[in-house]
file structure.txt (compact mmCIF, C-alpha atoms)
# COMPACT_ATOMS: atom_id res chain seq x y z
CA MET A 1 8.64 -18.65 -30.32
CA LYS A 2 12.08 -19.14 -28.84
CA PRO A 3 12.50 -19.38 -25.09
CA SER A 4 13.80 -16.28 -23.36
CA PRO A 5 17.63 -16.22 -23.33
CA HIS A 6 17.63 -14.96 -19.77
CA PRO A 7 15.27 -15.17 -16.78
CA SER A 8 15.22 -11.40 -16.39
CA SER A 9 13.64 -10.73 -19.73
CA GLY A 10 10.22 -11.58 -21.11
CA PRO A 11 9.59 -13.90 -24.04
CA GLU A 12 10.84 -12.82 -27.45
CA ARG A 13 8.02 -11.32 -29.43
CA PRO A 14 8.60 -10.28 -33.06
CA ALA A 15 6.46 -7.22 -33.64
CA PRO A 16 6.36 -4.17 -35.89
CA ALA A 17 7.25 -0.74 -34.59
CA LEU A 18 4.50 0.48 -32.28
CA PRO A 19 2.42 3.22 -33.98
CA ALA A 20 1.02 6.24 -32.23
CA LEU A 21 -2.20 5.37 -30.46
CA PRO A 22 -5.45 7.20 -31.14
CA GLY A 23 -7.23 8.78 -28.22
CA ARG A 24 -9.39 6.37 -26.28
CA ARG A 25 -11.32 6.61 -23.05
CA GLY A 26 -12.13 4.33 -20.11
CA PHE A 27 -13.09 4.71 -16.50
CA LEU A 28 -10.94 4.35 -13.36
CA GLY A 29 -12.75 6.77 -11.05
CA GLY A 30 -16.04 4.89 -10.94
CA LEU A 31 -14.25 1.91 -9.51
CA LEU A 32 -12.86 3.96 -6.63
CA ALA A 33 -16.22 5.55 -5.87
CA THR A 34 -17.91 2.16 -5.83
CA ALA A 35 -15.26 0.69 -3.54
CA ALA A 36 -15.55 3.62 -1.15
CA LEU A 37 -19.35 3.39 -0.98
CA ALA A 38 -19.25 -0.34 -0.38
CA ALA A 39 -16.79 0.11 2.47
CA ALA A 40 -18.95 2.78 4.07
CA GLY A 41 -21.81 0.36 4.69
CA PRO A 42 -25.57 1.18 4.79
CA ALA A 43 -26.71 4.59 5.99
CA LEU A 44 -27.84 4.79 9.62
CA ALA A 45 -31.57 4.95 10.37
CA THR A 46 -33.12 8.38 11.07
CA PRO A 47 -33.51 8.94 14.87
CA ALA A 48 -37.06 8.42 16.20
CA ARG A 49 -37.03 11.59 18.34
CA ALA A 50 -35.97 15.00 17.12
CA ALA A 51 -34.18 15.62 20.41
CA ALA A 52 -32.06 12.52 20.05
CA ARG A 53 -28.49 13.11 18.93
CA PRO A 54 -27.87 11.24 15.66
CA ALA A 55 -25.02 8.81 15.67
CA PRO A 56 -22.20 9.80 13.30
CA GLU A 57 -22.01 7.86 10.09
CA PRO A 58 -18.86 5.79 9.71
CA ALA A 59 -16.30 7.41 7.45
CA PRO A 60 -15.70 5.49 4.24
CA ARG A 61 -12.41 3.68 4.03
CA ALA A 62 -9.86 5.31 1.80
CA THR A 63 -9.17 3.58 -1.47
CA ARG A 64 -6.43 4.44 -3.91
CA PRO A 65 -5.77 3.40 -7.51
CA LEU A 66 -3.45 0.53 -8.40
CA LEU A 67 -2.05 -0.07 -11.89
CA LEU A 68 -0.83 -3.45 -13.16
CA GLY A 69 1.72 -4.29 -15.85
CA THR A 70 1.66 -7.48 -17.93
CA TYR A 71 2.70 -9.12 -21.21
CA THR A 72 -0.10 -8.88 -23.76
CA SER A 73 1.65 -11.22 -26.24
CA GLU A 74 2.20 -14.07 -23.77
CA ALA A 75 -0.26 -16.93 -23.36
CA GLY A 76 -2.53 -16.10 -20.43
CA GLY A 77 -1.33 -12.50 -20.39
CA GLY A 78 -3.41 -9.38 -20.05
CA THR A 79 -4.92 -7.09 -22.69
CA GLY A 80 -3.34 -3.83 -21.56
CA ILE A 81 -2.64 -1.92 -18.35
CA GLY A 82 -4.79 -3.34 -15.57
CA THR A 83 -6.50 -1.02 -13.13
CA ALA A 84 -7.70 -1.72 -9.60
CA ALA A 85 -8.22 -0.01 -6.25
CA TYR A 86 -6.70 -0.96 -2.92
CA ASP A 87 -7.98 -0.33 0.59
CA THR A 88 -5.30 1.70 2.36
CA ALA A 89 -6.22 0.15 5.72
CA THR A 90 -6.67 -3.51 4.83
CA GLY A 91 -4.79 -3.86 1.55
CA ALA A 92 -7.81 -5.49 -0.09
CA ILE A 93 -7.78 -5.06 -3.88
CA THR A 94 -10.87 -4.44 -6.02
CA PRO A 95 -10.56 -5.08 -9.78
CA GLY A 96 -11.24 -2.40 -12.38
CA PRO A 97 -11.29 -2.07 -16.16
CA VAL A 98 -8.27 -2.46 -18.46
CA ILE A 99 -6.58 0.36 -20.34
CA THR A 100 -6.39 -1.34 -23.74
CA GLY A 101 -4.30 -0.60 -26.79
CA VAL A 102 -0.97 -0.69 -24.94
CA ASP A 103 1.30 -3.55 -26.01
CA ASN A 104 3.40 -5.50 -23.47
CA PRO A 105 3.31 -2.87 -20.69
CA SER A 106 5.72 -4.79 -18.45
CA TYR A 107 6.86 -1.73 -16.47
CA LEU A 108 5.01 1.44 -15.44
CA ALA A 109 6.06 4.82 -14.03
CA LEU A 110 4.06 7.81 -12.83
CA HIS A 111 4.75 11.44 -13.69
CA PRO A 112 5.51 13.60 -10.58
CA SER A 113 2.26 15.51 -11.23
CA GLY A 114 0.28 12.28 -10.91
CA SER A 115 -1.54 13.09 -14.14
CA THR A 116 0.23 10.75 -16.56
CA VAL A 117 1.47 7.18 -16.45
CA TYR A 118 4.12 5.81 -18.80
CA ALA A 119 4.49 2.21 -19.98
CA VAL A 120 7.22 0.32 -21.80
CA ALA A 121 6.51 -1.92 -24.77
CA GLU A 122 8.83 -4.85 -24.04
CA GLN A 123 9.16 -6.30 -27.53
CA GLU A 124 11.58 -6.37 -30.47
CA ALA A 125 10.62 -2.85 -31.55
CA GLY A 126 10.86 -1.19 -28.16
CA ALA A 127 8.61 1.75 -27.40
CA VAL A 128 7.21 3.91 -24.61
CA THR A 129 3.59 5.03 -24.26
CA ALA A 130 1.98 7.89 -22.34
CA VAL A 131 -1.52 7.65 -20.82
CA ARG A 132 -3.18 10.65 -19.16
CA LEU A 133 -5.11 9.98 -15.92
CA ALA A 134 -7.65 12.73 -15.32
CA PRO A 135 -8.94 13.58 -11.80
CA ASP A 136 -12.33 12.03 -12.61
CA GLY A 137 -10.67 8.72 -13.47
CA VAL A 138 -11.01 9.06 -17.22
CA TYR A 139 -7.92 8.03 -19.17
CA GLU A 140 -6.66 9.06 -22.59
CA ALA A 141 -3.79 7.47 -24.50
CA LEU A 142 -1.41 10.19 -25.68
CA GLY A 143 0.58 8.11 -28.17
CA SER A 144 3.81 6.13 -28.31
CA ARG A 145 7.39 6.75 -29.32
CA PRO A 146 10.06 4.23 -30.38
CA THR A 147 13.02 3.94 -28.02
CA GLY A 148 15.48 3.03 -30.75
CA GLY A 149 16.26 -0.28 -29.03
CA SER A 150 14.74 -3.68 -28.38
CA GLY A 151 13.14 -5.24 -25.33
CA THR A 152 12.43 -1.99 -23.47
CA THR A 153 12.18 -3.24 -19.90
CA HIS A 154 12.32 -0.22 -17.54
CA LEU A 155 11.53 3.47 -17.51
CA SER A 156 11.45 6.35 -15.06
CA VAL A 157 10.55 10.03 -15.08
CA HIS A 158 13.20 12.60 -14.24
CA PRO A 159 12.21 14.58 -11.08
CA SER A 160 11.82 17.73 -13.21
CA GLY A 161 8.95 15.99 -15.00
CA ARG A 162 10.41 17.04 -18.36
CA TRP A 163 12.24 13.87 -19.43
CA LEU A 164 11.37 10.18 -19.72
CA LEU A 165 14.30 7.77 -19.35
CA SER A 166 14.07 4.18 -20.64
CA ALA A 167 16.30 1.08 -20.70
CA ASN A 168 16.41 -1.38 -23.60
CA TYR A 169 17.33 -4.84 -22.31
CA GLY A 170 17.68 -6.55 -25.69
CA SER A 171 19.98 -4.00 -27.29
CA GLY A 172 21.76 -2.79 -24.14
CA SER A 173 20.94 0.87 -24.62
CA VAL A 174 19.23 3.75 -22.79
CA ALA A 175 17.04 6.45 -24.31
CA VAL A 176 15.69 9.91 -23.44
CA HIS A 177 12.37 11.41 -24.56
CA PRO A 178 11.04 14.92 -23.81
CA ILE A 179 7.73 15.24 -21.97
CA ALA A 180 5.35 17.99 -23.04
CA GLU A 181 3.23 20.01 -20.61
CA ASP A 182 0.23 17.78 -21.32
CA GLY A 183 2.29 14.65 -20.55
CA ALA A 184 2.71 13.54 -24.16
CA LEU A 185 6.11 12.34 -25.39
CA GLY A 186 8.24 14.01 -28.04
CA GLU A 187 10.80 12.51 -30.41
CA ARG A 188 13.78 10.82 -28.78
CA THR A 189 16.62 13.22 -27.94
CA ASP A 190 19.32 10.66 -27.13
CA LEU A 191 20.21 6.98 -27.37
CA VAL A 192 23.34 5.56 -25.72
CA THR A 193 24.46 1.95 -26.26
CA HIS A 194 26.68 0.26 -23.68
CA SER A 195 29.53 -0.87 -25.95
CA SER A 196 32.10 -1.45 -23.20
CA PRO A 197 33.28 -3.15 -21.08
CA PRO A 198 32.90 -6.58 -22.72
CA PRO A 199 29.84 -8.56 -21.61
CA GLY A 200 30.08 -10.84 -18.60
CA PRO A 201 30.35 -14.62 -18.75
CA GLY A 202 27.64 -16.12 -20.92
CA GLN A 203 25.86 -12.82 -21.50
CA GLY A 204 26.60 -12.32 -25.19
CA GLY A 205 26.08 -8.58 -25.05
CA PRO A 206 24.95 -5.61 -22.96
CA HIS A 207 21.52 -5.76 -21.28
CA ALA A 208 20.39 -2.44 -19.82
CA HIS A 209 17.88 -3.36 -17.13
CA GLN A 210 17.15 -0.14 -15.23
CA ILE A 211 17.59 3.61 -15.54
CA VAL A 212 16.85 5.91 -12.60
CA THR A 213 17.71 9.39 -11.33
CA ALA A 214 19.72 9.66 -8.12
CA PRO A 215 18.09 11.51 -5.19
CA ASP A 216 20.32 14.55 -5.81
CA GLY A 217 18.62 14.97 -9.19
CA GLY A 218 21.91 15.69 -10.88
CA HIS A 219 22.84 12.22 -12.10
CA VAL A 220 21.15 9.36 -13.95
CA LEU A 221 22.25 5.77 -13.27
CA ALA A 222 21.83 2.88 -15.73
CA VAL A 223 22.21 -0.69 -14.49
CA ASP A 224 23.46 -3.11 -17.15
CA LEU A 225 23.14 -6.80 -16.36
CA GLY A 226 25.13 -7.87 -19.43
CA THR A 227 28.28 -5.82 -18.80
CA ASP A 228 28.18 -6.14 -14.97
CA THR A 229 28.36 -2.34 -14.80
CA VAL A 230 26.39 0.61 -13.45
CA TYR A 231 26.87 3.70 -15.63
CA THR A 232 26.40 7.21 -14.22
CA TYR A 233 25.36 9.96 -16.62
CA ALA A 234 24.84 13.69 -16.37
CA LEU A 235 21.59 14.73 -18.04
CA ASP A 236 21.61 17.98 -19.99
CA GLU A 237 18.17 19.27 -19.02
CA SER A 238 18.08 21.67 -21.94
CA ALA A 239 19.00 19.26 -24.73
CA GLY A 240 17.92 15.94 -23.20
CA THR A 241 21.29 14.28 -23.78
CA LEU A 242 23.36 11.98 -21.56
CA THR A 243 27.08 12.32 -20.84
CA GLU A 244 28.85 9.51 -19.00
CA VAL A 245 30.68 10.68 -15.87
CA SER A 246 31.41 7.46 -13.97
CA ARG A 247 31.26 3.64 -14.04
CA ALA A 248 30.93 1.11 -11.25
CA ALA A 249 32.22 -2.37 -12.02
CA LEU A 250 30.53 -5.32 -10.34
CA ALA A 251 31.98 -8.82 -10.03
CA PRO A 252 32.17 -10.57 -13.43
CA GLY A 253 29.06 -12.67 -13.93
CA SER A 254 27.19 -11.04 -11.03
CA GLY A 255 24.39 -9.73 -13.25
CA PRO A 256 23.34 -6.41 -11.63
CA ARG A 257 19.63 -5.89 -12.24
CA HIS A 258 17.93 -3.19 -10.14
CA LEU A 259 19.05 -0.73 -7.48
CA ALA A 260 17.17 1.36 -4.92
CA PHE A 261 18.50 4.43 -3.12
CA HIS A 262 18.36 5.09 0.59
CA PRO A 263 16.43 8.32 1.28
CA GLY A 264 19.62 9.86 2.68
CA GLY A 265 20.99 9.83 -0.86
CA ARG A 266 24.45 8.45 -0.07
CA SER A 267 23.77 4.70 -0.27
CA ALA A 268 22.10 2.39 -2.77
CA TYR A 269 21.22 -1.31 -2.69
CA LEU A 270 21.84 -3.31 -5.87
CA ALA A 271 20.29 -6.72 -6.61
CA CYS A 272 22.62 -8.99 -8.59
CA GLU A 273 20.51 -11.77 -10.03
CA LEU A 274 23.23 -14.13 -11.30
CA ASP A 275 25.37 -14.48 -8.17
CA ASN A 276 22.41 -14.24 -5.75
CA THR A 277 23.62 -11.21 -3.81
CA LEU A 278 22.50 -7.80 -2.64
CA VAL A 279 25.29 -5.22 -2.82
CA VAL A 280 25.45 -2.12 -0.62
CA CYS A 281 26.93 0.74 -2.64
CA ALA A 282 28.27 4.10 -1.47
CA TYR A 283 27.14 7.03 -3.62
CA ASP A 284 28.82 10.43 -4.00
CA PRO A 285 26.25 13.09 -5.04
CA ALA A 286 29.01 15.50 -6.04
CA THR A 287 30.55 13.23 -8.68
CA GLY A 288 27.87 10.61 -9.29
CA ALA A 289 30.35 7.86 -8.45
CA LEU A 290 28.87 4.60 -7.17
CA THR A 291 31.21 2.38 -5.13
CA PRO A 292 29.99 -1.21 -4.65
CA GLY A 293 30.78 -3.12 -1.46
CA PRO A 294 30.92 -6.91 -1.08
CA GLY A 295 27.89 -8.95 -2.06
CA GLN A 296 25.58 -9.94 0.80
CA SER A 297 23.41 -13.00 1.21
CA THR A 298 19.79 -12.95 0.10
CA GLY A 299 18.94 -15.36 2.90
CA ALA A 300 17.22 -17.60 0.38
CA GLY A 301 19.35 -20.67 1.04
CA SER A 302 21.10 -22.86 -1.50
CA GLY A 303 20.24 -22.79 -5.17
CA THR A 304 19.69 -19.87 -7.50
CA SER A 305 17.45 -17.23 -6.00
CA TYR A 306 17.39 -14.80 -8.97
CA PRO A 307 16.92 -11.69 -6.80
CA ALA A 308 14.83 -9.22 -8.76
CA GLN A 309 14.34 -5.90 -7.03
CA PRO A 310 15.01 -4.15 -3.71
CA VAL A 311 12.70 -1.50 -2.21
CA VAL A 312 13.39 0.84 0.74
CA THR A 313 10.81 2.08 3.25
CA GLY A 314 10.17 5.80 3.24
CA ASP A 315 11.90 6.28 6.58
CA GLY A 316 14.96 4.39 5.34
CA ALA A 317 14.76 1.81 8.14
CA TYR A 318 14.17 -1.40 6.14
CA VAL A 319 14.98 -2.92 2.77
CA TYR A 320 12.98 -5.72 1.13
CA LEU A 321 14.23 -7.94 -1.69
CA ALA A 322 12.20 -10.14 -4.06
CA ASN A 323 13.72 -13.58 -4.69
CA ARG A 324 12.15 -15.17 -7.75
CA GLY A 325 13.71 -18.65 -7.48
CA PRO A 326 12.36 -19.59 -4.03
CA SER A 327 9.45 -17.10 -4.32
CA SER A 328 10.34 -15.32 -1.10
CA LEU A 329 10.90 -11.86 0.34
CA THR A 330 14.00 -10.96 2.35
CA ARG A 331 13.92 -8.31 5.07
CA TYR A 332 16.99 -6.28 6.02
CA ALA A 333 17.47 -3.72 8.77
CA VAL A 334 19.28 -0.58 7.60
CA GLU A 335 22.18 0.49 9.79
CA ASP A 336 24.93 3.13 9.86
CA ASP A 337 22.75 5.79 8.20
CA GLY A 338 22.18 3.55 5.21
CA ALA A 339 25.75 2.32 4.73
CA ALA A 340 25.09 -1.20 6.09
CA LEU A 341 22.39 -3.87 6.01
CA ARG A 342 21.63 -6.62 8.51
CA LEU A 343 19.68 -9.62 7.24
CA LEU A 344 16.66 -10.29 9.45
CA ASP A 345 14.54 -13.00 7.83
CA THR A 346 12.72 -14.24 4.75
CA VAL A 347 9.02 -14.95 4.25
CA PRO A 348 7.11 -16.76 1.48
CA VAL A 349 5.68 -14.34 -1.06
CA GLY A 350 2.47 -16.35 -1.45
CA GLY A 351 2.86 -16.60 -5.23
CA ASP A 352 5.31 -17.78 -7.87
CA TRP A 353 8.24 -15.79 -9.30
CA PRO A 354 7.92 -12.31 -7.67
CA ARG A 355 9.08 -10.09 -10.53
CA GLN A 356 8.55 -6.67 -8.95
CA LEU A 357 7.79 -5.06 -5.57
CA ALA A 358 6.19 -1.75 -4.64
CA LEU A 359 5.48 -0.01 -1.34
CA SER A 360 2.37 2.10 -0.81
CA PRO A 361 3.16 5.83 -0.56
CA ASP A 362 3.18 5.68 3.25
CA SER A 363 5.15 2.37 3.30
CA SER A 364 2.40 0.65 5.29
CA LEU A 365 1.73 -1.95 2.58
CA LEU A 366 4.02 -3.98 0.33
CA PHE A 367 2.76 -5.32 -3.01
CA ALA A 368 4.40 -8.17 -4.94
CA ALA A 369 3.70 -8.87 -8.63
CA ASN A 370 4.06 -12.64 -9.12
CA GLN A 371 4.62 -13.41 -12.78
CA ARG A 372 4.16 -17.18 -12.97
CA SER A 373 1.17 -17.46 -10.64
CA SER A 374 -0.52 -14.39 -12.21
CA THR A 375 -1.22 -12.87 -8.82
CA VAL A 376 -0.50 -9.84 -6.68
CA THR A 377 0.07 -10.50 -2.99
CA VAL A 378 -0.15 -7.84 -0.29
CA PHE A 379 1.67 -7.54 3.04
CA ARG A 380 1.16 -5.20 5.98
CA VAL A 381 4.45 -3.64 7.08
CA GLY A 382 4.78 -3.62 10.88
CA PRO A 383 6.55 -0.98 13.01
CA ASP A 384 9.51 -3.38 13.19
CA GLY A 385 9.48 -3.90 9.44
CA SER A 386 7.87 -7.34 9.72
CA LEU A 387 5.67 -8.51 6.85
CA THR A 388 2.22 -9.98 7.45
CA ALA A 389 0.26 -11.32 4.49
CA VAL A 390 -3.21 -9.81 4.20
CA GLY A 391 -6.13 -11.19 2.21
CA ASP A 392 -6.06 -13.67 -0.63
CA PRO A 393 -3.78 -13.34 -3.66
CA PHE A 394 -5.35 -10.99 -6.21
CA PRO A 395 -5.67 -12.49 -9.73
CA ALA A 396 -3.75 -10.45 -12.33
CA PRO A 397 -2.77 -11.97 -15.71
CA VAL A 398 1.03 -12.49 -15.89
CA ALA A 399 1.62 -9.85 -13.22
CA VAL A 400 5.05 -8.31 -13.78
CA CYS A 401 4.53 -4.80 -12.37
CA VAL A 402 2.35 -3.24 -9.69
CA LEU A 403 2.12 0.52 -9.20
CA PRO A 404 0.15 1.91 -6.22
CA LEU A 405 -0.76 5.54 -6.88
CA PRO A 406 -0.65 8.24 -4.17
call {"tool": "encode", "arguments": {"input": "structure.txt", "output": "structure tokens"}}
result
Amino acid sequence: MKPSPHPSSGPERPAPALPALPGRRGFLGGLLATAALAAAGPALATPARAAARPAPEPAPRATRPLLLGTYTSEAGGGTGIGTAAYDTATGAITPGPVITGVDNPSYLALHPSGSTVYAVAEQEAGAVTAVRLAPDGVYEALGSRPTGGSGTTHLSVHPSGRWLLSANYGSGSVAVHPIAEDGALGERTDLVTHSSPPPGPGQGGPHAHQIVTAPDGGHVLAVDLGTDTVYTYALDESAGTLTEVSRAALAPGSGPRHLAFHPGGRSAYLACELDNTLVVCAYDPATGALTPGPGQSTGAGSGTSYPAQPVVTGDGAYVYLANRGPSSLTRYAVEDDGAALRLLDTVPVGGDWPRQLALSPDSSLLFAANQRSSTVTVFRVGPDGSLTAVGDPFPAPVAVCVLPLP
């Protein structure tokens, strides 16, 4: 096996095209019920006198599901999509069973209905897989579809819930698949390869690393690390096809990787992994144009920090950035209605090589998937945006994605 040509991608894995998966079942709900009962503690004793007022039983702590992405073909990797539950008050994670039969699920995305999760297959024959999550915790694999590219590394669901968007890192292309009412995926409706501009220094070709819909819902943005470009597309919601409407050029050799939008919808924050910067971009919802500003420090000091991914709190007050090189998290205060960032501090992530970050739905907890230490670390987010580590690192084989469910 050859070493990965770039730190952003997983190991090369020759594999045949991923076939459709047969239905299979497992249990996620039992885990949550068990965790809730354990947190509730023993029942109170019956009062000795009928006239005595019984003390109220303590309410069980709320637990919510947590899904984990991994590489199944890497030594020490997982065997599918990991499941767990997290305590919404303490951040403590309880392990659950594995959703097997899904190859190299290195990135996960949830359907707006909450009923289906989608996973990439990051391998030579790129694919996307749908898994239904029933209210009782039972899961059912709904099959896979090829993306038409290699090294599928990111995916997202259009806000309409009708289209799945995916990015192929190896081939530098983006794909669109229709989503049926039951959450299953149809045949691909479009595939666009980033053939220009020429790749950046040392890149050798395009490397699409992320595809996401802007908050206005009218435009889809694809971040390409290889061409140092963010492409804006209009999605035809009837045909499932992409039409390019704008391009944003980043500094040559900057290596744009992932962006996150401010809730106000007019600013986005773009991690550039090769020049160790975070770029504040202005966004025009009317045209889809993204205008990058100057690169800002990651606060990680000298050396290569390989920033991976920014996340924004729900109230738009703080931005956090994962730095893989020094294994740290950077905190920024958001100013000027999202148009500016002020670097506050950095904290150790408590693991090695934080590949991906996720905030809980209420932004009270921050989860970090640490690839090289095979752990997930959890932080409580303070009113001032400060991060406080809670609990011990949670073991998760080659953790490259963590998805807390609402």
call {"tool": "closest_residue", "arguments": {"input": "structure.txt", "among": "A:Gly82, A:Asp315, A:Pro95, A:Asn168", "to": "Ala121 of chain A", "atoms": "all atoms listed in the file"}}
result
A:Asn168
call {"tool": "closest_residue", "arguments": {"input": "structure.txt", "among": "A:Asp228, A:Glu140, A:Glu237, A:Glu74", "to": "Ile179 of chain A", "atoms": "only C-alpha atoms"}}
result
A:Glu237
call {"tool": "atom_distance", "arguments": {"input": "structure.txt", "atom1": "atom CA of Arg331 of chain A", "atom2": "atom CA of Cys281 of chain A"}}
result
17.6 Å
call {"tool": "residues_around", "arguments": {"input": "structure.txt", "residues": "segment 203-207 of chain A", "least_positions_apart": "2", "cutoff": "8 Å", "atoms": "only C-alpha atoms", "output": "list of chain:residue names"}}
result
A:Asn168, A:Tyr169, A:Gly170, A:Ser171, A:Gly172, A:Ser173, A:His194, A:Ser195, A:Pro198, A:Pro199, A:Gly200, A:Pro201, A:His209, A:Asp224, A:Leu225, A:Gly226, A:Thr227
call {"tool": "closest_residue", "arguments": {"input": "structure.txt", "among": "A:Thr153, A:Gln309, A:Ser267, A:Ser113", "to": "Ala339 of chain A", "atoms": "only C-alpha atoms"}}
result
A:Ser267
call {"tool": "residues_around", "arguments": {"input": "structure.txt", "residues": "Thr375 of chain A", "least_positions_apart": "3", "cutoff": "9 Å", "atoms": "all atoms listed in the file", "output": "ChimeraX atom specification"}}
result
/A:350-352,368-372,393-399
call {"tool": "residues_around", "arguments": {"input": "structure.txt", "residues": "His111 of chain A", "least_positions_apart": "2", "cutoff": "9 Å", "atoms": "all atoms listed in the file", "output": "ChimeraX atom specification"}}
result
/A:109,113-118,156-159,161,183
call {"tool": "atom_distance", "arguments": {"input": "structure.txt", "atom1": "atom CA of Trp353 of chain A", "atom2": "atom CA of Pro97 of chain A"}}
result
24.8 Å
call {"tool": "atom_distance", "arguments": {"input": "structure.txt", "atom1": "atom CA of Tyr71 of chain A", "atom2": "atom CA of Gly303 of chain A"}}
result
27.4 Å
call {"tool": "residues_around", "arguments": {"input": "structure.txt", "residues": "Val131 of chain A", "least_positions_apart": "3", "cutoff": "10 Å", "atoms": "all atoms listed in the file", "output": "list in words"}}
result
Leu21, Gly23, Arg24, Ile81, Ile99, Val102, Leu110, Ser115, Thr116, Val117, Tyr118, Ala119, Ala134, Tyr139, Glu140, Ala141, Leu142, Gly143, Ser144, Gly183 and Ala184 of chain A
call {"tool": "residues_around", "arguments": {"input": "structure.txt", "residues": "Thr277 of chain A", "least_positions_apart": "6", "cutoff": "7 Å", "atoms": "all atoms listed in the file", "output": "ChimeraX atom specification"}}
result
/A:271,295-298
call {"tool": "closest_residue", "arguments": {"input": "structure.txt", "among": "A:Asp216, A:Ser305, A:Arg342, A:Gly255", "to": "Asp284 of chain A", "atoms": "only C-alpha atoms"}}
result
A:Asp216
call {"tool": "build_atoms", "arguments": {"input": "structure.txt", "residues": "segment 157-162 of chain A", "atoms": "all heavy atoms", "output": "PDB file, in the frame of the given file"}}
result
ATOM      1  N   VAL A 157      10.716   8.622 -14.740  1.00  0.00           N
ATOM      2  CA  VAL A 157      10.550  10.030 -15.080  1.00  0.00           C
ATOM      3  C   VAL A 157      11.546  10.842 -14.271  1.00  0.00           C
ATOM      4  O   VAL A 157      11.664  10.667 -13.053  1.00  0.00           O
ATOM      5  CB  VAL A 157       9.111  10.508 -14.785  1.00  0.00           C
ATOM      6  CG1 VAL A 157       8.943  11.971 -15.204  1.00  0.00           C
ATOM      7  CG2 VAL A 157       8.093   9.624 -15.504  1.00  0.00           C
ATOM      8  N   HIS A 158      12.276  11.715 -14.939  1.00  0.00           N
ATOM      9  CA  HIS A 158      13.200  12.600 -14.240  1.00  0.00           C
ATOM     10  C   HIS A 158      12.407  13.475 -13.268  1.00  0.00           C
ATOM     11  O   HIS A 158      11.264  13.862 -13.562  1.00  0.00           O
ATOM     12  CB  HIS A 158      13.965  13.475 -15.249  1.00  0.00           C
ATOM     13  CG  HIS A 158      15.050  14.292 -14.653  1.00  0.00           C
ATOM     14  ND1 HIS A 158      14.857  15.596 -14.247  1.00  0.00           N
ATOM     15  CD2 HIS A 158      16.338  13.992 -14.364  1.00  0.00           C
ATOM     16  CE1 HIS A 158      15.991  16.068 -13.752  1.00  0.00           C
ATOM     17  NE2 HIS A 158      16.908  15.114 -13.806  1.00  0.00           N
ATOM     18  N   PRO A 159      12.968  13.792 -12.080  1.00  0.00           N
ATOM     19  CA  PRO A 159      12.210  14.580 -11.080  1.00  0.00           C
ATOM     20  C   PRO A 159      11.685  15.909 -11.607  1.00  0.00           C
ATOM     21  O   PRO A 159      10.693  16.431 -11.093  1.00  0.00           O
ATOM     22  CB  PRO A 159      13.236  14.795  -9.961  1.00  0.00           C
ATOM     23  CG  PRO A 159      14.181  13.650 -10.087  1.00  0.00           C
ATOM     24  CD  PRO A 159      14.271  13.353 -11.557  1.00  0.00           C
ATOM     25  N   SER A 160      12.312  16.470 -12.633  1.00  0.00           N
ATOM     26  CA  SER A 160      11.820  17.730 -13.210  1.00  0.00           C
ATOM     27  C   SER A 160      10.493  17.537 -13.927  1.00  0.00           C
ATOM     28  O   SER A 160       9.770  18.509 -14.189  1.00  0.00           O
ATOM     29  CB  SER A 160      12.849  18.280 -14.208  1.00  0.00           C
ATOM     30  OG  SER A 160      12.957  17.417 -15.350  1.00  0.00           O
ATOM     31  N   GLY A 161      10.166  16.276 -14.259  1.00  0.00           N
ATOM     32  CA  GLY A 161       8.950  15.990 -15.000  1.00  0.00           C
ATOM     33  C   GLY A 161       9.050  16.283 -16.484  1.00  0.00           C
ATOM     34  O   GLY A 161       8.063  16.146 -17.210  1.00  0.00           O
ATOM     35  N   ARG A 162      10.245  16.626 -16.971  1.00  0.00           N
ATOM     36  CA  ARG A 162      10.410  17.040 -18.360  1.00  0.00           C
ATOM     37  C   ARG A 162      11.035  15.977 -19.247  1.00  0.00           C
ATOM     38  O   ARG A 162      11.083  16.140 -20.464  1.00  0.00           O
ATOM     39  CB  ARG A 162      11.249  18.321 -18.420  1.00  0.00           C
ATOM     40  CG  ARG A 162      10.614  19.510 -17.713  1.00  0.00           C
ATOM     41  CD  ARG A 162      11.491  20.742 -17.817  1.00  0.00           C
ATOM     42  NE  ARG A 162      11.813  21.050 -19.202  1.00  0.00           N
ATOM     43  CZ  ARG A 162      13.059  21.194 -19.662  1.00  0.00           C
ATOM     44  NH1 ARG A 162      14.091  21.029 -18.851  1.00  0.00           N
ATOM     45  NH2 ARG A 162      13.269  21.491 -20.927  1.00  0.00           N
TER      46      ARG A 162
END
